[in-house]
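Q: The structure follows.
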Amino acid sequence: MEPTALERSQVTPPCADELAGRFPLTPNPHPASEERYRRIMTDLRFGVDFTDHLVHAHWSAGEGWSGRETRAYGPISLSPAATIFHYGQECFEGIKAYRHDDGSIWTFRPQFNEARFAQSARRMCLPELEPGDFVAALVDLVRADAKWVPTDPGSSLYLRPFMIGTEPHLGVHPAAEVDFYCIASPSGAYFSSGFEPVSIGLVRDYHRAGPGGTGAAKTGGNYAASLLPQKLAAEEGYAQVCFLDVTGRYLEELGGMNLFVVGEDNTVLTPDVSGGTVLEGGTRSSILTLLADRGYDVRTSDIALDDLLDGIASGRYTEMFACGTAAVVTPIGCLGVDGQRIEIPTGEVTRGVYDELTGIQLGRVEDRYGWTYKICDGENDR
Ligand SMILES: *Cc1c(COP(=O)(O)O)cnc(C)c1O
């Protein structure tokens, strides 16, 4: 399969030792107490508790990037007039650090997230980081907080790089001052009780993205726009929503996950990303490669709702799953369409993709693609 523009823009990063130290560490003078640390590492609640440090750098239109630092995690102080509060000028990423069985700490395809962060920044009129700084930020934060990378099965340290316009000015223009941060949250396995299929409600009345909009950028506004349809669907008992394109005929994606449909005869479909209304996931990209190498006939093409419903009824389509960094692979067990609930079985393709991808991420399955990136040995860090 032809690489996408985003995949082509990936740059292989230098090794972690070469990047380390770009964001010099001032150790947190008040790190978490032993008791609090143990409580957090036992609960492992996604996105609720954070590590001892954060990474930060400042940009101004006159001077570019400066002030790179790794310092104590804590509240940040901004002018109430900062553009982020008024016009939502921001972008973010989500990527994980995993502990392998030998204690070493790795991340997964950081060059993909680096390239996507740059793409999102361009769309949001934010400055791009300097080459290598995205991965260097991950390296410096994870090395400072290595003891926070959990070891439980399925757990990881979730990393959240983000960039915000901070110029104090209510005029509508690209901020002349911007801040970049990365924070980290120790997280447990997404599926606490095994591989659980979720129910998805199809949204008719709202769209996540439109042609020429910000759908291909990882930016907060897309999520803000998805909250209401998500809430309405939750009231009807659905765990997630699936958005359609603006014509209402084709499936696009979930609020924060890409979508796959498995057909008979080893075919696998996922919506094309070239139209700019679907956020191109690294998990999606990896799954396409894995399935193509396993001999599946993978196609990026429009998935028409009518054809999907027909095909589920006739057995032509056999499995559906969603994917993204946080949950990796989520089987879709039920599709809600106009008040009707359509059951979908969970099959071996979904399960196989999950096992192989998590196996590579955890260093238990051979990484034939150079996707895993070593951050540190992780010795003596606990
Ligand atoms: C982040 C995100 C995804 C998944 O991307 P991954 O790189 O696989 O984590 C899919 N859709 C949306 C809207 C997203 O924000």
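Here, A, B, ... name the chains of the structure tokens in the order displayed, residue numbers run from 1 inside each chain, and ligands are numbered from 1 in the same displayed order.
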I'd like the contact shell of Ala137 (chain A) - 12 Å cut-off, only C-alpha atoms, skipping same-chain residues fewer than 3 positions apart - returned as a ChimeraX atom specification.
A: /A:16,19-25,53-57,68-71,110,114,129-134,140-144,159-162,180-184,375
Q: Using the selection just defined, write its residues with N, CA, C and O atoms as a short mmCIF file (atom, residue, chain, number, x, y, z; two decimals), in the first residue's frame.
A:
```cif
data_model
loop_
_atom_site.label_atom_id
_atom_site.label_comp_id
_atom_site.auth_asym_id
_atom_site.auth_seq_id
_atom_site.Cartn_x
_atom_site.Cartn_y
_atom_site.Cartn_z
N ALA A 16 18.17 7.72 21.66
CA ALA A 16 17.78 8.51 22.84
C ALA A 16 18.97 9.16 23.52
O ALA A 16 18.88 10.30 23.99
N LEU A 19 19.69 12.44 22.00
CA LEU A 19 18.69 13.50 22.21
C LEU A 19 18.61 13.95 23.67
O LEU A 19 18.20 15.08 23.95
N ALA A 20 19.00 13.06 24.59
CA ALA A 20 18.80 13.31 26.02
C ALA A 20 19.50 14.59 26.46
O ALA A 20 20.60 14.90 26.00
N GLY A 21 18.83 15.34 27.34
CA GLY A 21 19.44 16.53 27.92
C GLY A 21 19.08 17.82 27.22
O GLY A 21 19.47 18.90 27.66
N ARG A 22 18.33 17.74 26.12
CA ARG A 22 17.93 18.99 25.46
C ARG A 22 17.00 19.82 26.35
O ARG A 22 16.96 21.03 26.24
N PHE A 23 16.21 19.11 27.18
CA PHE A 23 15.33 19.78 28.13
C PHE A 23 15.91 19.53 29.52
O PHE A 23 15.50 18.59 30.20
N PRO A 24 16.90 20.35 29.94
CA PRO A 24 17.65 20.04 31.16
C PRO A 24 16.75 19.93 32.39
O PRO A 24 15.77 20.67 32.53
N LEU A 25 17.10 19.00 33.26
CA LEU A 25 16.26 18.65 34.42
C LEU A 25 16.60 19.49 35.65
O LEU A 25 17.75 19.54 36.08
N HIS A 53 7.28 15.27 37.09
CA HIS A 53 7.86 16.31 36.24
C HIS A 53 7.02 16.61 34.99
O HIS A 53 6.12 15.84 34.65
N LEU A 54 7.33 17.71 34.35
CA LEU A 54 6.81 18.00 33.01
C LEU A 54 7.96 18.58 32.19
O LEU A 54 8.98 19.00 32.75
N VAL A 55 7.76 18.60 30.88
CA VAL A 55 8.72 19.22 29.98
C VAL A 55 8.07 20.47 29.41
O VAL A 55 6.85 20.49 29.18
N HIS A 56 8.85 21.50 29.22
CA HIS A 56 8.30 22.76 28.74
C HIS A 56 9.31 23.49 27.85
O HIS A 56 10.52 23.35 28.04
N ALA A 57 8.80 24.24 26.87
CA ALA A 57 9.63 25.18 26.11
C ALA A 57 8.72 26.32 25.68
O ALA A 57 7.50 26.16 25.58
N ARG A 68 14.00 25.65 27.10
CA ARG A 68 13.70 24.22 27.24
C ARG A 68 14.05 23.76 28.66
O ARG A 68 15.13 24.05 29.15
N GLU A 69 13.12 23.03 29.28
CA GLU A 69 13.36 22.59 30.66
C GLU A 69 12.51 21.37 30.98
O GLU A 69 11.45 21.15 30.39
N THR A 70 13.02 20.58 31.93
CA THR A 70 12.25 19.53 32.57
C THR A 70 12.17 19.95 34.03
O THR A 70 13.21 20.17 34.66
N ARG A 71 10.96 20.13 34.54
CA ARG A 71 10.83 20.66 35.91
C ARG A 71 9.62 20.05 36.59
O ARG A 71 8.89 19.25 35.99
N PRO A 110 7.66 6.99 17.57
CA PRO A 110 7.57 8.41 17.96
C PRO A 110 7.68 9.34 16.75
O PRO A 110 7.17 10.46 16.77
N GLU A 114 5.52 12.62 15.97
CA GLU A 114 6.27 13.85 15.72
C GLU A 114 5.79 14.50 14.42
O GLU A 114 5.51 15.71 14.37
N LEU A 129 8.02 22.50 16.20
CA LEU A 129 9.19 22.33 17.08
C LEU A 129 10.43 22.22 16.22
O LEU A 129 10.35 21.93 15.02
N GLU A 130 11.60 22.42 16.83
CA GLU A 130 12.83 22.21 16.08
C GLU A 130 13.07 20.71 15.89
O GLU A 130 12.63 19.91 16.72
N PRO A 131 13.75 20.34 14.82
CA PRO A 131 13.94 18.91 14.54
C PRO A 131 14.50 18.17 15.76
O PRO A 131 15.45 18.64 16.38
N GLY A 132 13.89 17.05 16.08
CA GLY A 132 14.37 16.23 17.20
C GLY A 132 13.77 16.60 18.54
O GLY A 132 13.78 15.78 19.47
N ASP A 133 13.23 17.81 18.67
CA ASP A 133 12.75 18.24 19.99
C ASP A 133 11.53 17.45 20.48
O ASP A 133 11.36 17.25 21.69
N PHE A 134 10.69 17.00 19.55
CA PHE A 134 9.51 16.24 19.99
C PHE A 134 9.95 14.96 20.69
O PHE A 134 9.52 14.67 21.81
N ASP A 140 13.49 12.98 27.65
CA ASP A 140 13.85 13.65 28.90
C ASP A 140 12.79 13.46 29.99
O ASP A 140 13.12 13.24 31.15
N LEU A 141 11.52 13.51 29.59
CA LEU A 141 10.47 13.33 30.60
C LEU A 141 10.47 11.89 31.13
O LEU A 141 10.40 11.67 32.34
N VAL A 142 10.56 10.92 30.23
CA VAL A 142 10.49 9.53 30.68
C VAL A 142 11.74 9.17 31.50
O VAL A 142 11.64 8.45 32.50
N ARG A 143 12.90 9.70 31.12
CA ARG A 143 14.10 9.41 31.92
C ARG A 143 14.00 10.04 33.32
O ARG A 143 14.42 9.43 34.30
N ALA A 144 13.42 11.24 33.40
CA ALA A 144 13.27 11.89 34.72
C ALA A 144 12.26 11.12 35.58
O ALA A 144 12.39 11.06 36.79
N LEU A 159 1.82 9.52 27.58
CA LEU A 159 2.51 10.80 27.41
C LEU A 159 1.63 11.73 26.60
O LEU A 159 1.07 11.34 25.56
N ARG A 160 1.51 12.96 27.05
CA ARG A 160 0.64 13.93 26.39
C ARG A 160 1.43 15.22 26.07
O ARG A 160 1.50 16.13 26.88
N PRO A 161 2.04 15.28 24.89
CA PRO A 161 2.64 16.53 24.44
C PRO A 161 1.52 17.47 23.96
O PRO A 161 0.56 17.00 23.34
N PHE A 162 1.65 18.75 24.22
CA PHE A 162 0.66 19.70 23.69
C PHE A 162 1.27 21.09 23.55
O PHE A 162 2.26 21.42 24.18
N PHE A 180 4.97 24.99 24.71
CA PHE A 180 4.92 23.54 24.47
C PHE A 180 5.15 22.84 25.80
O PHE A 180 6.04 23.22 26.56
N TYR A 181 4.33 21.84 26.07
CA TYR A 181 4.49 21.03 27.29
C TYR A 181 4.38 19.56 26.95
O TYR A 181 3.77 19.18 25.95
N CYS A 182 4.93 18.74 27.83
CA CYS A 182 4.59 17.31 27.80
C CYS A 182 4.38 16.88 29.24
O CYS A 182 5.21 17.18 30.11
N ILE A 183 3.26 16.22 29.50
CA ILE A 183 2.97 15.67 30.82
C ILE A 183 2.76 14.16 30.69
O ILE A 183 2.64 13.64 29.56
N ALA A 184 2.74 13.44 31.80
CA ALA A 184 2.69 11.98 31.74
C ALA A 184 1.80 11.42 32.85
O ALA A 184 1.83 11.90 33.98
N ILE A 375 14.06 4.13 25.06
CA ILE A 375 14.27 5.40 25.79
C ILE A 375 15.37 5.24 26.84
O ILE A 375 16.22 6.10 26.98
#
```
Q: Please produce, as CSV, a per-residue contact table for chain A versus ligand 1 (criterion: any atom at most 9 Å away, only C-alpha atoms and all ligand atoms considered), showing the nearest atom pair and its distance in Å to one decimal, sorted by chain then residue number.
A:
```
residue,atom,partner,partner_atom_place_in_ligand_line,distance
A:Phe92,CA,ligand 1,15 (O),8.8
A:Glu93,CA,ligand 1,1 (C),7.0
A:Gly94,CA,ligand 1,9 (O),6.1
A:Ile95,CA,ligand 1,9 (O),7.0
A:Phe112,CA,ligand 1,7 (O),8.0
A:Asn113,CA,ligand 1,7 (O),6.9
A:Arg116,CA,ligand 1,7 (O),8.6
A:Arg208,CA,ligand 1,13 (C),8.3
A:Gly215,CA,ligand 1,13 (C),7.2
A:Ala216,CA,ligand 1,13 (C),7.8
A:Ala217,CA,ligand 1,15 (O),7.8
A:Lys218,CA,ligand 1,15 (O),5.2
A:Thr219,CA,ligand 1,15 (O),7.5
A:Gly220,CA,ligand 1,15 (O),8.7
A:Asn222,CA,ligand 1,13 (C),7.4
A:Tyr223,CA,ligand 1,13 (C),7.6
A:Glu253,CA,ligand 1,11 (N),6.6
A:Leu254,CA,ligand 1,11 (N),6.5
A:Gly255,CA,ligand 1,13 (C),5.2
A:Gly256,CA,ligand 1,12 (C),3.6
A:Met257,CA,ligand 1,10 (C),3.6
A:Asn258,CA,ligand 1,10 (C),4.7
A:Leu259,CA,ligand 1,10 (C),8.4
A:Val278,CA,ligand 1,13 (C),6.9
A:Leu279,CA,ligand 1,11 (N),4.8
A:Glu280,CA,ligand 1,5 (O),6.2
A:Gly281,CA,ligand 1,5 (O),3.3
A:Gly282,CA,ligand 1,7 (O),3.7
A:Thr283,CA,ligand 1,8 (O),3.7
A:Arg284,CA,ligand 1,8 (O),5.7
A:Ser285,CA,ligand 1,8 (O),7.7
A:Ser286,CA,ligand 1,8 (O),8.6
A:Ala322,CA,ligand 1,10 (C),8.8
A:Cys323,CA,ligand 1,8 (O),6.1
A:Gly324,CA,ligand 1,8 (O),3.5
A:Thr325,CA,ligand 1,9 (O),3.6
A:Ala326,CA,ligand 1,9 (O),6.5
A:Ala327,CA,ligand 1,9 (O),8.6
A:Val328,CA,ligand 1,8 (O),7.4
```
Q: Just asking: which residues within region 162-313 of chain A are alpha helix (DSSP H) according to DSSP, as a ChimeraX atom specification?
A: /A:220-235,282-293,305-313
Q: Hey, can you check how far CA of Val261 (chain A) sits from CA of Ser155 (chain A)?
A: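 Interatomic distance here is 26.9 Å.
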Q: Would you list, as JSON, numbers by chain, the residues of region 253-342 of chain A that end up in strand (DSSP E or B) under DSSP run on this structure's backbone?
A: {"A": [253, 254, 258, 259, 260, 261, 262, 263, 267, 268, 269, 270, 297, 298, 299, 300, 304, 317, 318, 319, 320, 321, 322, 323, 324, 328, 329, 330, 331, 332, 333, 334, 335, 336, 337, 340, 341, 342]}
Q: Can you work out which one of A:Pro127, A:Gly352, A:Gly171, A:Pro29 has the shortest atom-to-atom distance to Ile287 (chain A), counting only C-alpha atoms?
A: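 Going through A:Pro127, A:Gly352, A:Gly171, A:Pro29 one by one, the smallest distance to Ile287 (chain A) is for A:Gly352.
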Q: Go through A:Phe260, A:Tyr73, A:Phe85, A:Phe50 and flag the residue nearest Ile332 (chain A), using only C-alpha atoms for the distances.
A: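 Of A:Phe260, A:Tyr73, A:Phe85, A:Phe50, the one nearest Ile332 (chain A) is A:Phe260, counting only C-alpha atoms.
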Q: Using Å and a single decimal, report how far CA of Gly154 (chain A) sits from CA of Tyr190 (chain A).
A: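 According to the coordinates, CA of Tyr190 (chain A) and CA of Gly154 (chain A) are separated by 7.5 Å.
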Q: From the options A:Gly67, A:Pro186, A:Gly378, A:Gly276, which residue's atoms come nearest to Thr4 (chain A), counting only C-alpha atoms?
A: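 Nearest candidate to Thr4 (chain A) out of A:Gly67, A:Pro186, A:Gly378, A:Gly276: A:Gly276.
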Q: Between CA of Glu379 (chain A) and CA of Glu366 (chain A), what is the distance in Å, rounded to a tenth?
A: 22.6 Å
Q: Determine the nearest neighbour of Gly201 (chain A) from the options A:Asp338, A:Glu264, A:Glu177, A:Asp293, counting only C-alpha atoms.
A: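 Using only C-alpha atoms, Gly201 (chain A) sits closest to A:Asp338.
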Q: Neighbouring residues of Asp307 (chain A) were defined as those with any atom within 10 Å, considering only C-alpha atoms; residues of the same chain fewer than 2 positions away were excluded. Please report them as a list of chain:residue names.
A: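 These residues fall inside the cut-off: A:Arg249, A:Tyr250, A:Ile303, A:Ala304, A:Leu305, A:Leu309, A:Asp310, A:Gly311, A:Ile312, A:Ala313, A:Arg316, A:Tyr317.
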Q: Just write the chosen residues, all heavy atoms, as a CSV table (one decimal), in the first residue's frame.
A:
```csv
chain,number,residue,atom,x,y,z
A,249,ARG,N,-23.6,9.5,4.2
A,249,ARG,CA,-23.6,8.1,3.6
A,249,ARG,C,-22.4,7.2,4.0
A,249,ARG,O,-22.5,6.0,3.9
A,249,ARG,CB,-23.6,8.3,2.1
A,249,ARG,CG,-24.9,8.8,1.5
A,249,ARG,CD,-24.9,9.1,0.0
A,249,ARG,NE,-24.4,8.0,-0.8
A,249,ARG,CZ,-23.7,8.1,-1.9
A,249,ARG,NH1,-23.5,9.3,-2.4
A,249,ARG,NH2,-23.4,7.0,-2.6
A,250,TYR,N,-21.3,7.8,4.4
A,250,TYR,CA,-20.1,7.1,4.6
A,250,TYR,C,-19.6,7.2,6.1
A,250,TYR,O,-19.7,8.2,6.7
A,250,TYR,CB,-19.0,7.5,3.7
A,250,TYR,CG,-19.4,7.3,2.2
A,250,TYR,CD1,-19.8,8.4,1.5
A,250,TYR,CD2,-19.3,6.1,1.6
A,250,TYR,CE1,-20.1,8.3,0.1
A,250,TYR,CE2,-19.7,5.9,0.3
A,250,TYR,CZ,-20.1,7.0,-0.5
A,250,TYR,OH,-20.5,6.9,-1.8
A,303,ILE,N,-16.5,3.6,3.2
A,303,ILE,CA,-17.4,2.5,3.7
A,303,ILE,C,-18.8,3.1,3.8
A,303,ILE,O,-19.1,3.9,4.6
A,303,ILE,CB,-16.9,2.0,5.1
A,303,ILE,CG1,-15.5,1.5,5.0
A,303,ILE,CG2,-17.9,1.0,5.7
A,303,ILE,CD1,-14.9,1.1,6.4
A,304,ALA,N,-19.6,2.6,2.9
A,304,ALA,CA,-21.0,3.2,2.8
A,304,ALA,C,-21.8,2.5,3.9
A,304,ALA,O,-21.8,1.3,4.1
A,304,ALA,CB,-21.6,2.9,1.4
A,305,LEU,N,-22.6,3.3,4.6
A,305,LEU,CA,-23.4,2.7,5.7
A,305,LEU,C,-24.4,1.7,5.1
A,305,LEU,O,-24.5,0.6,5.7
A,305,LEU,CB,-24.2,3.9,6.4
A,305,LEU,CG,-25.1,3.5,7.5
A,305,LEU,CD1,-24.3,2.7,8.6
A,305,LEU,CD2,-25.8,4.7,8.1
A,309,LEU,N,-24.5,-2.2,6.4
A,309,LEU,CA,-25.6,-2.9,7.1
A,309,LEU,C,-26.1,-4.1,6.3
A,309,LEU,O,-26.3,-5.2,6.9
A,309,LEU,CB,-26.8,-1.9,7.2
A,309,LEU,CG,-26.5,-0.7,8.1
A,309,LEU,CD1,-27.7,0.3,8.2
A,309,LEU,CD2,-26.0,-1.1,9.5
A,310,ASP,N,-26.1,-4.0,5.0
A,310,ASP,CA,-26.4,-5.2,4.1
A,310,ASP,C,-25.4,-6.3,4.4
A,310,ASP,O,-25.8,-7.5,4.5
A,310,ASP,CB,-26.1,-4.7,2.6
A,310,ASP,CG,-27.4,-4.4,1.9
A,310,ASP,OD1,-28.4,-4.2,2.6
A,310,ASP,OD2,-27.4,-4.4,0.7
A,311,GLY,N,-24.1,-5.9,4.4
A,311,GLY,CA,-23.1,-6.9,4.5
A,311,GLY,C,-23.0,-7.6,5.9
A,311,GLY,O,-22.7,-8.8,6.0
A,312,ILE,N,-23.4,-6.8,6.9
A,312,ILE,CA,-23.4,-7.5,8.2
A,312,ILE,C,-24.6,-8.5,8.3
A,312,ILE,O,-24.5,-9.6,8.7
A,312,ILE,CB,-23.6,-6.4,9.4
A,312,ILE,CG1,-22.4,-5.5,9.5
A,312,ILE,CG2,-23.9,-7.1,10.7
A,312,ILE,CD1,-22.5,-4.4,10.4
A,313,ALA,N,-25.7,-8.1,7.7
A,313,ALA,CA,-26.9,-9.0,7.6
A,313,ALA,C,-26.6,-10.2,6.8
A,313,ALA,O,-27.1,-11.3,7.2
A,313,ALA,CB,-28.1,-8.2,7.1
A,316,ARG,N,-21.4,-11.0,4.9
A,316,ARG,CA,-20.3,-10.5,4.0
A,316,ARG,C,-19.2,-9.7,4.9
A,316,ARG,O,-18.1,-9.8,4.6
A,316,ARG,CB,-20.8,-9.6,2.9
A,316,ARG,CG,-20.0,-9.4,1.7
A,316,ARG,CD,-20.8,-9.1,0.5
A,316,ARG,NE,-22.0,-8.2,0.7
A,316,ARG,CZ,-21.9,-6.8,0.8
A,316,ARG,NH1,-20.7,-6.2,0.7
A,316,ARG,NH2,-22.9,-6.1,1.1
A,317,TYR,N,-19.7,-9.0,5.9
A,317,TYR,CA,-18.8,-8.4,6.8
A,317,TYR,C,-18.9,-9.1,8.2
A,317,TYR,O,-20.0,-9.4,8.6
A,317,TYR,CB,-19.2,-6.9,7.0
A,317,TYR,CG,-19.0,-6.1,5.8
A,317,TYR,CD1,-20.0,-5.3,5.2
A,317,TYR,CD2,-17.7,-6.1,5.1
A,317,TYR,CE1,-19.7,-4.5,4.1
A,317,TYR,CE2,-17.5,-5.4,4.0
A,317,TYR,CZ,-18.5,-4.6,3.4
A,317,TYR,OH,-18.3,-3.8,2.3
```
Q: Which residue out of A:Thr51, A:Gln340, A:Asn266, A:Ser301 has the minimum interatomic distance to Lys147 (chain A) when only C-alpha atoms are used?
A: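 Among the listed residues, the smallest separation from Lys147 (chain A) belongs to A:Thr51.
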Q: Given the choices A:Ile40, A:Leu157, A:Val298, A:Leu357, which gets closest to Trp371 (chain A) if the distance is worked out from only C-alpha atoms?
A: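 Comparing A:Ile40, A:Leu157, A:Val298, A:Leu357 against Trp371 (chain A), the winner is A:Leu357.
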Q: Quick one: residues within 8 Å of Gly347 (chain A), only C-alpha atoms counted, chain neighbours fewer than 4 positions away excluded, as a PyMOL selection string?
A: chain A and resi 318-319+351
Q: Residues as selected, N, CA and C atoms, written as a short mmCIF file (atom, residue, chain, number, x, y, z; two decimals), in the first residue's frame, can you do that?
A:
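Below is the file selection.cif, written as the result:
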```cif
data_model
loop_
_atom_site.label_atom_id
_atom_site.label_comp_id
_atom_site.auth_asym_id
_atom_site.auth_seq_id
_atom_site.Cartn_x
_atom_site.Cartn_y
_atom_site.Cartn_z
N THR A 318 -17.80 -9.45 8.72
CA THR A 318 -17.82 -10.36 9.86
C THR A 318 -17.34 -9.76 11.18
N GLU A 319 -16.52 -8.70 11.12
CA GLU A 319 -16.01 -8.10 12.35
C GLU A 319 -15.88 -6.60 12.13
N ARG A 351 -8.79 -10.00 17.31
CA ARG A 351 -7.97 -10.57 18.37
C ARG A 351 -6.50 -10.70 17.94
#
```
